[in-house]
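Chemist: Contents of input.cif (mmCIF, C-alpha atoms):
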```cif
data_coords
#
loop_
_atom_site.label_atom_id
_atom_site.label_comp_id
_atom_site.auth_asym_id
_atom_site.auth_seq_id
_atom_site.Cartn_x
_atom_site.Cartn_y
_atom_site.Cartn_z
CA MET G 841 2.23 32.12 30.63
CA PRO G 842 0.71 29.00 29.01
CA ARG G 843 2.95 27.44 26.42
CA LEU G 844 2.44 25.85 23.05
CA ALA G 845 3.60 22.22 23.31
CA PHE G 846 5.60 20.92 20.36
CA TRP G 847 5.43 17.12 20.16
CA TYR G 848 8.11 15.70 17.89
CA GLU G 849 9.88 12.52 16.82
CA PHE G 850 13.49 12.65 15.61
CA ALA G 851 12.84 10.21 12.75
CA SER G 852 10.05 12.38 11.32
CA PRO G 853 10.91 14.60 8.31
CA TYR G 854 8.00 16.95 8.94
CA SER G 855 9.14 17.32 12.56
CA TYR G 856 12.47 18.51 11.15
CA LEU G 857 10.69 21.19 9.12
CA SER G 858 8.87 22.43 12.22
CA ALA G 859 11.83 22.22 14.60
CA MET G 860 13.86 24.54 12.40
CA ARG G 861 11.24 27.34 12.44
CA LEU G 862 8.96 26.90 15.44
CA ASP G 863 10.70 29.08 17.99
CA ALA G 864 11.22 31.92 15.51
CA GLU G 865 7.54 31.87 14.49
CA ALA G 866 6.37 31.57 18.09
CA ALA G 867 8.58 34.46 19.20
CA LYS G 868 7.07 36.72 16.53
CA ALA G 869 3.66 36.01 18.07
CA GLY G 870 4.86 36.34 21.66
CA VAL G 871 4.18 32.65 22.28
CA GLU G 872 6.42 30.44 24.41
CA THR G 873 6.97 26.80 23.50
CA SER G 874 7.70 23.61 25.36
CA TRP G 875 9.53 20.90 23.43
CA LYS G 876 8.13 17.43 24.05
CA PRO G 877 10.05 14.55 22.44
CA PHE G 878 8.18 11.28 22.13
CA LEU G 879 8.33 8.04 20.16
CA LEU G 880 6.07 7.37 17.21
CA GLY G 881 6.85 3.63 17.34
CA PRO G 882 4.38 2.72 20.10
CA ILE G 883 1.75 5.04 18.61
CA PHE G 884 2.12 3.47 15.17
CA GLN G 885 2.05 0.00 16.73
CA ALA G 886 -1.29 0.83 18.34
CA GLN G 887 -2.53 1.62 14.81
CA GLY G 888 -1.29 -1.77 13.60
CA TRP G 889 1.84 -0.46 11.86
CA ASP G 890 5.27 -1.98 12.54
CA THR G 891 7.15 0.86 10.84
CA SER G 892 6.58 4.30 9.33
CA PRO G 893 3.55 4.72 7.04
CA PHE G 894 6.04 6.21 4.56
CA VAL G 895 7.59 2.73 4.34
CA LEU G 896 4.32 0.79 4.50
CA TYR G 897 2.71 2.91 1.76
CA PRO G 898 5.35 3.52 -0.92
CA ALA G 899 3.35 6.07 -2.95
CA LYS G 900 2.94 8.12 0.22
CA GLY G 901 6.64 7.72 1.01
CA ARG G 902 7.75 8.86 -2.44
CA TYR G 903 5.41 11.83 -2.24
CA MET G 904 6.69 12.78 1.22
CA VAL G 905 10.28 13.04 -0.01
CA ARG G 906 9.22 15.28 -2.89
CA ASP G 907 6.91 17.36 -0.68
CA VAL G 908 9.50 17.95 2.05
CA SER G 909 12.14 18.72 -0.61
CA ARG G 910 9.95 21.38 -2.21
CA ILE G 911 9.14 22.99 1.15
CA ALA G 912 12.75 22.89 2.32
CA THR G 913 13.87 24.51 -0.94
CA ALA G 914 11.29 27.27 -0.53
CA ARG G 915 12.58 27.91 3.00
CA GLY G 916 16.26 27.78 2.07
CA LEU G 917 16.71 24.73 4.27
CA PRO G 918 18.97 21.82 3.29
CA PHE G 919 17.22 18.44 3.16
CA GLN G 920 18.16 14.87 2.47
CA MET G 921 16.74 11.58 3.61
CA PRO G 922 18.99 9.68 6.01
CA LYS G 923 20.41 6.38 4.70
CA THR G 924 18.26 4.45 7.18
CA PHE G 925 14.62 5.46 7.38
CA PRO G 926 13.04 5.58 9.85
CA ALA G 927 16.13 6.41 11.92
CA ARG G 928 16.65 4.76 15.29
CA SER G 929 15.67 7.70 17.46
CA LEU G 930 15.34 6.17 20.94
CA LYS G 931 18.63 7.43 22.38
CA ALA G 932 18.19 10.92 20.95
CA ALA G 933 14.68 11.04 22.40
CA ARG G 934 15.90 10.02 25.86
CA LEU G 935 18.55 12.74 25.67
CA ALA G 936 16.02 15.35 24.54
CA LEU G 937 13.74 14.41 27.41
CA LEU G 938 16.61 15.16 29.78
CA GLY G 939 16.99 18.44 27.92
CA GLN G 940 13.31 19.14 28.49
CA ASP G 941 13.90 18.74 32.25
CA GLU G 942 17.06 20.85 32.23
CA GLY G 943 16.11 23.53 29.69
CA TRP G 944 18.27 22.69 26.65
CA ALA G 945 15.91 20.50 24.60
CA ALA G 946 15.46 23.01 21.75
CA PRO G 947 19.11 23.60 20.73
CA PHE G 948 19.95 19.91 21.22
CA SER G 949 16.95 18.80 19.16
CA ARG G 950 17.63 21.23 16.34
CA ALA G 951 21.20 19.88 16.16
CA VAL G 952 19.93 16.29 16.01
CA PHE G 953 17.40 17.14 13.30
CA ALA G 954 20.04 18.97 11.28
CA ALA G 955 22.41 15.99 11.58
CA GLY G 956 19.74 13.60 10.32
CA PHE G 957 17.93 15.61 7.66
CA ALA G 958 20.38 18.29 6.58
CA HIS G 959 23.48 16.06 6.60
CA GLY G 960 22.03 12.54 6.34
CA GLU G 961 23.90 11.36 9.42
CA ASP G 962 23.01 8.45 11.69
CA ILE G 963 21.36 10.05 14.73
CA SER G 964 21.81 6.90 16.80
CA ALA G 965 25.63 7.28 16.61
CA ASP G 966 27.43 8.53 19.71
CA ALA G 967 29.70 10.79 17.64
CA VAL G 968 26.66 12.57 16.19
CA LEU G 969 24.89 12.84 19.55
CA THR G 970 28.07 14.12 21.20
CA ARG G 971 28.17 17.04 18.76
CA ALA G 972 24.46 17.74 19.33
CA ALA G 973 25.07 17.77 23.10
CA GLU G 974 27.98 20.19 22.61
CA ALA G 975 25.76 22.43 20.48
CA ALA G 976 23.48 22.62 23.53
CA GLY G 977 26.44 23.29 25.86
CA GLN G 978 26.24 19.85 27.49
CA ASP G 979 28.81 17.21 28.40
CA TYR G 980 27.79 13.99 26.66
CA ALA G 981 29.31 11.67 29.26
CA ARG G 982 27.15 13.19 31.98
CA LEU G 983 24.04 12.93 29.81
CA LEU G 984 24.68 9.23 29.10
CA GLN G 985 24.90 8.63 32.84
CA CYS G 986 21.55 10.37 33.43
CA ILE G 987 19.60 8.66 30.65
CA SER G 988 20.75 5.18 31.72
CA ASP G 989 18.51 5.49 34.76
CA PRO G 990 15.50 3.13 34.50
CA GLY G 991 13.28 5.88 35.85
CA HIS G 992 14.29 8.13 32.97
CA LYS G 993 13.55 5.42 30.43
CA ALA G 994 10.12 4.98 32.01
CA ARG G 995 9.49 8.71 31.75
CA LEU G 996 9.93 8.62 27.98
CA ARG G 997 7.39 5.81 27.81
CA ALA G 998 5.05 7.87 29.99
CA GLN G 999 5.53 10.94 27.81
CA THR G 1000 4.68 8.87 24.73
CA ALA G 1001 1.55 7.61 26.51
CA GLU G 1002 0.69 11.23 27.32
CA ALA G 1003 0.94 12.08 23.62
CA ALA G 1004 -1.44 9.25 22.75
CA ALA G 1005 -3.85 10.40 25.48
CA LEU G 1006 -3.85 13.88 23.95
CA GLY G 1007 -4.95 12.34 20.64
CA VAL G 1008 -1.56 12.58 18.94
CA PHE G 1009 -1.32 10.04 16.10
CA GLY G 1010 1.58 11.46 14.10
CA ALA G 1011 4.35 14.03 14.26
CA PRO G 1012 4.84 16.87 14.54
CA ALA G 1013 1.85 17.79 16.67
CA PHE G 1014 1.12 21.04 18.47
CA VAL G 1015 -1.04 21.17 21.57
CA CYS G 1016 -2.35 24.51 22.78
CA SER G 1017 -3.73 25.24 26.24
CA GLY G 1018 -7.12 23.57 26.55
CA ASN G 1019 -5.64 20.57 24.68
CA GLU G 1020 -6.44 21.94 21.22
CA LEU G 1021 -4.52 19.65 18.85
CA PHE G 1022 -2.91 20.54 15.53
CA TRP G 1023 -1.10 17.98 13.37
CA GLY G 1024 1.63 18.57 10.84
CA ASP G 1025 4.13 21.25 9.91
CA ASP G 1026 1.42 22.83 7.74
CA ARG G 1027 -0.58 23.60 10.91
CA LEU G 1028 2.30 25.26 12.80
CA ASP G 1029 1.20 28.81 12.00
CA GLN G 1030 -2.41 28.03 12.88
CA ALA G 1031 -1.32 26.53 16.22
CA VAL G 1032 0.88 29.51 17.08
CA ALA G 1033 -1.96 31.90 16.24
CA TRP G 1034 -4.40 29.84 18.33
CA GLN G 1035 -2.11 29.92 21.38
CA SER G 1036 -1.52 33.64 20.87
CA ARG G 1037 -5.27 34.31 20.92
CA LEU G 1038 -5.64 32.18 24.06
CA ASN G 1039 -2.87 34.13 25.77
CA ALA G 1040 -4.46 37.43 24.74
CA ALA G 1041 -7.80 36.29 26.12
CA GLY G 1042 -6.09 35.23 29.35
CA SER G 1043 -7.98 31.97 29.26
CA PRO G 1044 -7.11 28.41 28.33
CA LEU G 1045 -10.59 27.91 26.85
CA ALA G 1046 -10.85 27.55 23.09
CA SER G 1047 -13.16 29.90 21.25
CA MET U 464 -2.71 26.71 -21.90
CA PRO U 465 -1.74 23.79 -19.63
CA ARG U 466 -4.19 23.25 -16.81
CA LEU U 467 -3.90 22.38 -13.15
CA ALA U 468 -5.68 19.05 -12.63
CA PHE U 469 -7.84 18.81 -9.52
CA TRP U 470 -8.35 15.18 -8.48
CA TYR U 471 -11.19 14.80 -6.03
CA GLU U 472 -13.48 12.28 -4.32
CA PHE U 473 -16.98 13.32 -3.23
CA ALA U 474 -16.71 11.48 0.10
CA SER U 475 -13.55 13.39 1.08
CA PRO U 476 -13.95 16.31 3.52
CA TYR U 477 -10.67 17.91 2.44
CA SER U 478 -11.81 17.68 -1.20
CA TYR U 479 -14.85 19.72 -0.14
CA LEU U 480 -12.57 22.43 1.28
CA SER U 481 -10.63 22.60 -1.98
CA ALA U 482 -13.63 22.41 -4.31
CA MET U 483 -15.15 25.48 -2.71
CA ARG U 484 -12.09 27.69 -3.30
CA LEU U 485 -9.97 26.21 -6.09
CA ASP U 486 -11.36 28.05 -9.09
CA ALA U 487 -11.31 31.41 -7.29
CA GLU U 488 -7.67 30.94 -6.22
CA ALA U 489 -6.65 29.65 -9.64
CA ALA U 490 -8.35 32.58 -11.39
CA LYS U 491 -6.40 35.06 -9.25
CA ALA U 492 -3.20 33.42 -10.52
CA GLY U 493 -4.41 33.19 -14.14
CA VAL U 494 -4.39 29.38 -13.92
CA GLU U 495 -7.02 27.19 -15.58
CA THR U 496 -8.19 24.01 -13.90
CA SER U 497 -9.52 20.66 -15.01
CA TRP U 498 -11.76 18.81 -12.59
CA LYS U 499 -11.03 15.11 -12.40
CA PRO U 500 -13.39 13.02 -10.24
CA PHE U 501 -12.13 9.62 -9.18
CA LEU U 502 -12.82 6.98 -6.56
CA LEU U 503 -10.66 6.58 -3.49
CA GLY U 504 -12.09 3.11 -2.80
CA PRO U 505 -9.86 1.19 -5.25
CA ILE U 506 -6.84 3.27 -4.24
CA PHE U 507 -7.43 2.60 -0.55
CA GLN U 508 -8.00 -1.10 -1.32
CA ALA U 509 -4.60 -1.27 -3.00
CA GLN U 510 -3.16 0.06 0.29
CA GLY U 511 -4.97 -2.70 2.20
CA TRP U 512 -7.78 -0.52 3.54
CA ASP U 513 -11.42 -1.52 3.15
CA THR U 514 -12.75 1.90 4.13
CA SER U 515 -11.55 5.45 4.87
CA PRO U 516 -8.44 5.81 7.07
CA PHE U 517 -10.58 8.23 9.11
CA VAL U 518 -12.72 5.22 10.05
CA LEU U 519 -9.85 2.74 10.39
CA TYR U 520 -7.83 5.09 12.63
CA PRO U 521 -10.28 6.73 15.05
CA ALA U 522 -7.80 9.26 16.52
CA LYS U 523 -7.10 10.46 12.99
CA GLY U 524 -10.83 10.56 12.24
CA ARG U 525 -11.65 12.63 15.34
CA TYR U 526 -8.82 15.00 14.52
CA MET U 527 -9.98 15.39 10.93
CA VAL U 528 -13.45 16.54 11.98
CA ARG U 529 -11.94 19.14 14.34
CA ASP U 530 -9.35 20.23 11.76
CA VAL U 531 -11.85 20.65 8.93
CA SER U 532 -14.26 22.44 11.29
CA ARG U 533 -11.59 24.96 12.31
CA ILE U 534 -10.58 25.61 8.71
CA ALA U 535 -14.18 25.91 7.50
CA THR U 536 -14.93 28.38 10.31
CA ALA U 537 -11.89 30.49 9.36
CA ARG U 538 -13.13 30.54 5.74
CA GLY U 539 -16.75 31.28 6.62
CA LEU U 540 -17.78 27.95 5.12
CA PRO U 541 -20.51 25.78 6.66
CA PHE U 542 -19.39 22.27 7.57
CA GLN U 543 -20.93 19.16 8.99
CA MET U 544 -20.13 15.49 8.63
CA PRO U 545 -22.73 13.55 6.66
CA LYS U 546 -24.70 10.93 8.63
CA THR U 547 -22.97 8.16 6.69
CA PHE U 548 -19.22 8.42 6.34
CA PRO U 549 -17.68 7.72 3.93
CA ALA U 550 -20.61 8.61 1.68
CA ARG U 551 -21.50 6.37 -1.26
CA SER U 552 -20.04 8.54 -4.00
CA LEU U 553 -20.06 6.26 -7.06
CA LYS U 554 -23.10 7.74 -8.81
CA ALA U 555 -22.01 11.32 -8.16
CA ALA U 556 -18.55 10.50 -9.53
CA ARG U 557 -20.02 8.98 -12.71
CA LEU U 558 -22.13 12.10 -13.17
CA ALA U 559 -19.15 14.40 -12.58
CA LEU U 560 -17.12 12.46 -15.14
CA LEU U 561 -19.87 13.19 -17.66
CA GLY U 562 -19.63 16.81 -16.58
CA GLN U 563 -15.89 16.69 -17.21
CA ASP U 564 -16.62 15.59 -20.79
CA GLU U 565 -19.35 18.17 -21.31
CA GLY U 566 -17.89 21.13 -19.38
CA TRP U 567 -20.12 21.38 -16.30
CA ALA U 568 -18.13 19.32 -13.76
CA ALA U 569 -17.19 22.26 -11.53
CA PRO U 570 -20.65 23.70 -10.73
CA PHE U 571 -22.15 20.21 -10.42
CA SER U 572 -19.36 19.06 -8.11
CA ARG U 573 -19.54 22.13 -5.90
CA ALA U 574 -23.28 21.51 -5.52
CA VAL U 575 -22.68 17.86 -4.56
CA PHE U 576 -19.98 18.82 -2.04
CA ALA U 577 -22.22 21.49 -0.51
CA ALA U 578 -25.08 19.00 -0.22
CA GLY U 579 -22.86 16.50 1.60
CA PHE U 580 -20.67 18.67 3.79
CA ALA U 581 -22.59 21.94 4.21
CA HIS U 582 -26.03 20.35 4.60
CA GLY U 583 -25.22 16.77 5.65
CA GLU U 584 -27.34 15.29 2.87
CA ASP U 585 -27.03 11.84 1.31
CA ILE U 586 -25.16 12.41 -1.96
CA SER U 587 -26.22 9.03 -3.31
CA ALA U 588 -29.90 10.10 -3.28
CA ASP U 589 -31.50 10.95 -6.63
CA ALA U 590 -33.29 13.97 -5.14
CA VAL U 591 -29.97 15.45 -4.05
CA LEU U 592 -28.24 14.66 -7.34
CA THR U 593 -31.17 16.10 -9.31
CA ARG U 594 -30.70 19.44 -7.56
CA ALA U 595 -26.94 19.33 -8.20
CA ALA U 596 -27.61 18.64 -11.89
CA GLU U 597 -30.03 21.58 -12.00
CA ALA U 598 -27.39 23.81 -10.36
CA ALA U 599 -25.19 22.92 -13.34
CA GLY U 600 -28.01 23.57 -15.82
CA GLN U 601 -28.48 19.89 -16.66
CA ASP U 602 -31.48 17.61 -17.02
CA TYR U 603 -31.01 14.73 -14.59
CA ALA U 604 -32.97 12.20 -16.65
CA ARG U 605 -30.63 12.69 -19.58
CA LEU U 606 -27.57 12.34 -17.34
CA LEU U 607 -28.86 9.07 -15.88
CA GLN U 608 -29.24 7.73 -19.38
CA CYS U 609 -25.66 8.66 -20.27
CA ILE U 610 -24.00 7.27 -17.15
CA SER U 611 -25.76 3.92 -17.45
CA ASP U 612 -23.57 3.16 -20.44
CA PRO U 613 -21.02 0.41 -19.61
CA GLY U 614 -18.36 2.36 -21.48
CA HIS U 615 -18.92 5.33 -19.19
CA LYS U 616 -18.62 3.15 -16.09
CA ALA U 617 -15.35 1.78 -17.47
CA ARG U 618 -14.07 5.30 -18.04
CA LEU U 619 -14.44 6.12 -14.34
CA ARG U 620 -12.44 2.99 -13.50
CA ALA U 621 -9.80 4.07 -16.03
CA GLN U 622 -9.69 7.59 -14.59
CA THR U 623 -9.16 6.14 -11.12
CA ALA U 624 -6.34 3.98 -12.50
CA GLU U 625 -4.87 7.11 -14.07
CA ALA U 626 -4.88 8.78 -10.65
CA ALA U 627 -3.03 5.84 -9.14
CA ALA U 628 -0.52 5.90 -11.99
CA LEU U 629 0.14 9.59 -11.26
CA GLY U 630 1.01 8.64 -7.68
CA VAL U 631 -2.25 9.84 -6.16
CA PHE U 632 -2.87 8.06 -2.83
CA GLY U 633 -5.45 10.38 -1.24
CA ALA U 634 -7.72 13.31 -2.02
CA PRO U 635 -7.69 16.05 -2.93
CA ALA U 636 -4.63 15.94 -5.15
CA PHE U 637 -3.38 18.54 -7.60
CA VAL U 638 -1.29 17.60 -10.61
CA CYS U 639 0.59 20.32 -12.50
CA SER U 640 2.01 20.00 -16.00
CA GLY U 641 5.03 17.74 -15.84
CA ASN U 642 3.06 15.51 -13.41
CA GLU U 643 4.16 17.45 -10.33
CA LEU U 644 1.91 16.12 -7.56
CA PHE U 645 0.55 17.98 -4.55
CA TRP U 646 -1.64 16.33 -1.91
CA GLY U 647 -4.16 17.93 0.37
CA ASP U 648 -6.13 21.14 0.64
CA ASP U 649 -3.14 22.65 2.46
CA ARG U 650 -1.10 22.34 -0.74
CA LEU U 651 -3.67 24.03 -3.02
CA ASP U 652 -1.95 27.42 -2.99
CA GLN U 653 1.45 25.84 -3.62
CA ALA U 654 0.05 23.85 -6.57
CA VAL U 655 -1.59 26.92 -8.10
CA ALA U 656 1.65 28.89 -7.74
CA TRP U 657 3.62 26.01 -9.28
CA GLN U 658 1.33 25.85 -12.33
CA SER U 659 1.41 29.63 -12.64
CA ARG U 660 5.23 29.59 -12.76
CA LEU U 661 5.16 26.80 -15.35
CA ASN U 662 2.75 28.78 -17.50
CA ALA U 663 4.93 31.89 -17.19
CA ALA U 664 7.99 29.88 -18.20
CA GLY U 665 6.07 28.47 -21.15
CA SER U 666 7.35 25.02 -20.34
CA PRO U 667 5.90 21.94 -18.65
CA LEU U 668 9.26 21.20 -17.00
CA ALA U 669 9.48 21.63 -13.26
CA SER U 670 12.25 23.83 -11.91
#
```
What does this structure look like when you write it as structure tokens?

Modeler:
Amino acid sequence: MPRLAFWYEFASPYSYLSAMRLDAEAAKAGVETSWKPFLLGPIFQAQGWDTSPFVLYPAKGRYMVRDVSRIATARGLPFQMPKTFPARSLKAARLALLGQDEGWAAPFSRAVFAAGFAHGEDISADAVLTRAAEAAGQDYARLLQCISDPGHKARLRAQTAEAAALGVFGAPAFVCSGNELFWGDDRLDQAVAWQSRLNAAGSPLAS
Amino acid sequence: MPRLAFWYEFASPYSYLSAMRLDAEAAKAGVETSWKPFLLGPIFQAQGWDTSPFVLYPAKGRYMVRDVSRIATARGLPFQMPKTFPARSLKAARLALLGQDEGWAAPFSRAVFAAGFAHGEDISADAVLTRAAEAAGQDYARLLQCISDPGHKARLRAQTAEAAALGVFGAPAFVCSGNELFWGDDRLDQAVAWQSRLNAAGSPLAS
């Protein structure tokens, strides 16, 4: 069955909102997901930004914190901004990419997001990533060995380039079969419904 | 009764989406609205942008057209991008500000938005603005006389500065009593519900 691709960045607050509800919403609609970690850094750099737009544009950054807080409250989800924003997410993204290959990306990623945005922890710290690996049933030492491979590092760069080629310019993004793109946690339900209709029609073509 | 303030820019596609449904949604919730036209130009300039981010960031611009098209289709609303984007909206904004003073901003503004985004017309053209004035029961010649006043022009600048002071960095924006800010058509329902709760509580203080 075609899957709904969830493109996410661990430093992104709105990706946190989506990560914590996507699979439950998709399951209700009979839609399967694939979790695709990538890095916003290179995509922002291509837009001429050397950091998050929430840092570059302070009014937007202040609003984002309030907006995510309101939404998290409505969903009964804890939320705080990590001490360092944007967080250094490279190592977590390399680990999640390994999880994508091996089938444990979703529980690992939810644990990383919860560490960063529910508990305000530093998601670049080995202690934090060790606990996230354990939450996904994985041995951290083995994972570190795997992600140190230059080929693996190159794959994360390639996956980020794939995101850009799909038209992704921010996170989270959802890509349905037929490359229909949705951006933002506020489009999650629309993306799930779109993929569900595609599956029902038995065709990857958009209506 | 406190009102929900709707801050909008005539060149903004997402403002079009909100303008066409705000008063109906607000009425269902027993919420009154005030329509506040402003100019995004000075606000974008303060962020270092000399035109719309949808022009500066082409991936974002392509996505916006697809996103607004999908939403408009789902709502049964016609949509097309005007030939010139962003449209020159200064004159329409000055007219709408007069409408704000005199009580006909909503029907005039809906007519301007429909001309631009349903019919792809040039909203800086006098023929188009004349029809929008007529839709609001107004004589265009009189309006032109009023908006030529330097004091009126200054008031639009002041209203735009007021938007910036409220933290508005894009359009549409919704500001509830207590200066609670919501950004984007996808936050319209949340803003209406927020104002409705404030009205029920009889207090401008946010929960």

Chemist: Quick one: which chain U residues come within 8 Å of chain G, and what is the nearest atom pair for each with the distance in Å to one decimal, counting only C-alpha atoms, rows ordered by chain and ascending number, as CSV?

Modeler:
```
residue,atom,partner,partner_atom,distance
U:Gln510,CA,G:Tyr897,CA,6.7
U:Tyr520,CA,G:Gln887,CA,6.7
U:Ala522,CA,G:Gly1007,CA,5.9
U:Lys523,CA,G:Phe1009,CA,6.6
U:Tyr526,CA,G:Leu1021,CA,7.7
U:Asp530,CA,G:Phe1022,CA,7.5
U:Gly630,CA,G:Ala899,CA,5.9
U:Val631,CA,G:Ala899,CA,7.5
U:Phe632,CA,G:Ala899,CA,6.5
U:Leu644,CA,G:Tyr903,CA,7.7
U:Phe645,CA,G:Asp907,CA,7.5
U:Asp649,CA,G:Asp1026,CA,7.0
```

Chemist: Show which residues sit within 12 Å of Thr913 (chain G), as a PyMOL selection string. Count only C-alpha atoms, and ignore same-chain residues fewer than 5 positions away.

Modeler: (chain G and resi 857+906-908+918-920+958) or (chain U and resi 670)

Chemist: Could you tell me how far CA of Ala574 (chain U) sits from CA of Gly600 (chain U), in Å to one decimal place?

Modeler: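 Result for CA of Gly600 (chain U) versus CA of Ala574 (chain U): 11.5 Å, one decimal.
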
Chemist: Once you add 3 Å to each side, what are the centre and edge lengths of the axis-aligned box holding all listed atoms of region 886-903 of chain G? One decimal in Å, as AutoDock Vina command-line options, if you can.

Modeler:
```
--center_x 2.6 --center_y 4.9 --center_z 7.7 --size_x 16.3 --size_y 19.8 --size_z 27.3
```

Chemist: Restricting the calculation to all atoms listed in the file: of G:Phe957, G:Ser1036, G:Phe846, G:Ala967, which residue gets closest to Leu917 (chain G)?

Modeler: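 Counting all atoms listed in the file, the residue closest to Leu917 (chain G) is G:Phe957.
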
Chemist: If the PyMOL selection byres ((chain G and resi 1032) around 10) is run on the structure shown, which residues does it catch, given as a compact mmCIF listing (two decimals) with C-alpha atoms, keeping the file's coordinate frame?

Modeler:
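That gives us selection-v2.txt:
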```
# COMPACT_ATOMS: atom_id res chain seq x y z
CA ARG G 843 2.95 27.44 26.42
CA LEU G 844 2.44 25.85 23.05
CA ALA G 845 3.60 22.22 23.31
CA LEU G 862 8.96 26.90 15.44
CA ASP G 863 10.70 29.08 17.99
CA GLU G 865 7.54 31.87 14.49
CA ALA G 866 6.37 31.57 18.09
CA ALA G 867 8.58 34.46 19.20
CA LYS G 868 7.07 36.72 16.53
CA ALA G 869 3.66 36.01 18.07
CA GLY G 870 4.86 36.34 21.66
CA VAL G 871 4.18 32.65 22.28
CA GLU G 872 6.42 30.44 24.41
CA THR G 873 6.97 26.80 23.50
CA PHE G 1014 1.12 21.04 18.47
CA VAL G 1015 -1.04 21.17 21.57
CA CYS G 1016 -2.35 24.51 22.78
CA PHE G 1022 -2.91 20.54 15.53
CA ARG G 1027 -0.58 23.60 10.91
CA LEU G 1028 2.30 25.26 12.80
CA ASP G 1029 1.20 28.81 12.00
CA GLN G 1030 -2.41 28.03 12.88
CA ALA G 1031 -1.32 26.53 16.22
CA ALA G 1033 -1.96 31.90 16.24
CA TRP G 1034 -4.40 29.84 18.33
CA GLN G 1035 -2.11 29.92 21.38
CA SER G 1036 -1.52 33.64 20.87
CA ARG G 1037 -5.27 34.31 20.92
CA LEU G 1038 -5.64 32.18 24.06
```

Chemist: Ala1001 (chain G): which residues within 9 Å, counting all atoms listed in the file, same-chain residues fewer than 5 positions away excluded, as a PyMOL selection string?

Modeler: chain G and resi 878+882-883+996+1006

Chemist: Next, dump the selected residues to file, keeping only C-alpha atoms, as a short mmCIF file (atom, residue, chain, number, x, y, z; two decimals), in the coordinates of the input.

Modeler:
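Saved file part-v4.cif follows:
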```cif
data_model
loop_
_atom_site.label_atom_id
_atom_site.label_comp_id
_atom_site.auth_asym_id
_atom_site.auth_seq_id
_atom_site.Cartn_x
_atom_site.Cartn_y
_atom_site.Cartn_z
CA PHE G 878 8.18 11.28 22.13
CA PRO G 882 4.38 2.72 20.10
CA ILE G 883 1.75 5.04 18.61
CA LEU G 996 9.93 8.62 27.98
CA LEU G 1006 -3.85 13.88 23.95
#
```

Chemist: For the structure shown, which residues end up in the PyMOL selection byres ((chain G and resi 981-987) around 9)? Put them as a PyMOL selection string, please?

Modeler: chain G and resi 931+934-935+937-938+970+973+978-980+988-993

Chemist: For Ser964 (chain G), please output as a ChimeraX atom specification all residues within 9 Å (counting all atoms listed in the file; exclusion window: fewer than 5 positions along the same chain).

Modeler: /G:927-932,969

Chemist: Store the residues picked out above, limited to C-alpha atoms, as an mmCIF file, in the frame of the given file.

Modeler:
```cif
data_model
loop_
_atom_site.group_PDB
_atom_site.id
_atom_site.type_symbol
_atom_site.label_atom_id
_atom_site.label_comp_id
_atom_site.auth_asym_id
_atom_site.auth_seq_id
_atom_site.Cartn_x
_atom_site.Cartn_y
_atom_site.Cartn_z
ATOM 1 C CA ALA G 927 16.130 6.410 11.920
ATOM 2 C CA ARG G 928 16.650 4.760 15.290
ATOM 3 C CA SER G 929 15.670 7.700 17.460
ATOM 4 C CA LEU G 930 15.340 6.170 20.940
ATOM 5 C CA LYS G 931 18.630 7.430 22.380
ATOM 6 C CA ALA G 932 18.190 10.920 20.950
ATOM 7 C CA LEU G 969 24.890 12.840 19.550
#
```

Chemist: For the atom pair CA of Ala569 (chain U) and CA of Arg538 (chain U), what is the interatomic distance in Å to one decimal place?

Modeler: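 Taking CA of Ala569 (chain U) and CA of Arg538 (chain U), their separation equals 19.6 Å.
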
Chemist: Quick test: take region 652-659 of chain U, keep N, CA and C atoms, and write it as a PDB file, in the first residue's frame.

Modeler:
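Result written to result05.pdb:
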```pdb
ATOM      1  N   ASP U 652     -10.651  29.630  13.044  1.00  0.00           N
ATOM      2  CA  ASP U 652     -11.621  28.990  13.937  1.00  0.00           C
ATOM      3  C   ASP U 652     -11.163  29.075  15.394  1.00  0.00           C
ATOM      4  N   GLN U 653      -9.859  28.898  15.599  1.00  0.00           N
ATOM      5  CA  GLN U 653      -9.297  28.977  16.943  1.00  0.00           C
ATOM      6  C   GLN U 653      -9.470  30.397  17.514  1.00  0.00           C
ATOM      7  N   ALA U 654      -9.267  31.401  16.671  1.00  0.00           N
ATOM      8  CA  ALA U 654      -9.402  32.795  17.117  1.00  0.00           C
ATOM      9  C   ALA U 654     -10.853  33.114  17.470  1.00  0.00           C
ATOM     10  N   VAL U 655     -11.774  32.652  16.631  1.00  0.00           N
ATOM     11  CA  VAL U 655     -13.196  32.889  16.911  1.00  0.00           C
ATOM     12  C   VAL U 655     -13.586  32.219  18.229  1.00  0.00           C
ATOM     13  N   ALA U 656     -13.131  30.981  18.421  1.00  0.00           N
ATOM     14  CA  ALA U 656     -13.459  30.256  19.656  1.00  0.00           C
ATOM     15  C   ALA U 656     -12.854  30.959  20.870  1.00  0.00           C
ATOM     16  N   TRP U 657     -11.639  31.479  20.711  1.00  0.00           N
ATOM     17  CA  TRP U 657     -10.970  32.193  21.809  1.00  0.00           C
ATOM     18  C   TRP U 657     -11.777  33.423  22.211  1.00  0.00           C
ATOM     19  N   GLN U 658     -12.193  34.223  21.201  1.00  0.00           N
ATOM     20  CA  GLN U 658     -12.962  35.432  21.499  1.00  0.00           C
ATOM     21  C   GLN U 658     -14.312  35.069  22.116  1.00  0.00           C
ATOM     22  N   SER U 659     -14.898  33.989  21.628  1.00  0.00           N
ATOM     23  CA  SER U 659     -16.188  33.557  22.157  1.00  0.00           C
ATOM     24  C   SER U 659     -16.060  33.198  23.649  1.00  0.00           C
TER      25      SER U 659
END
```
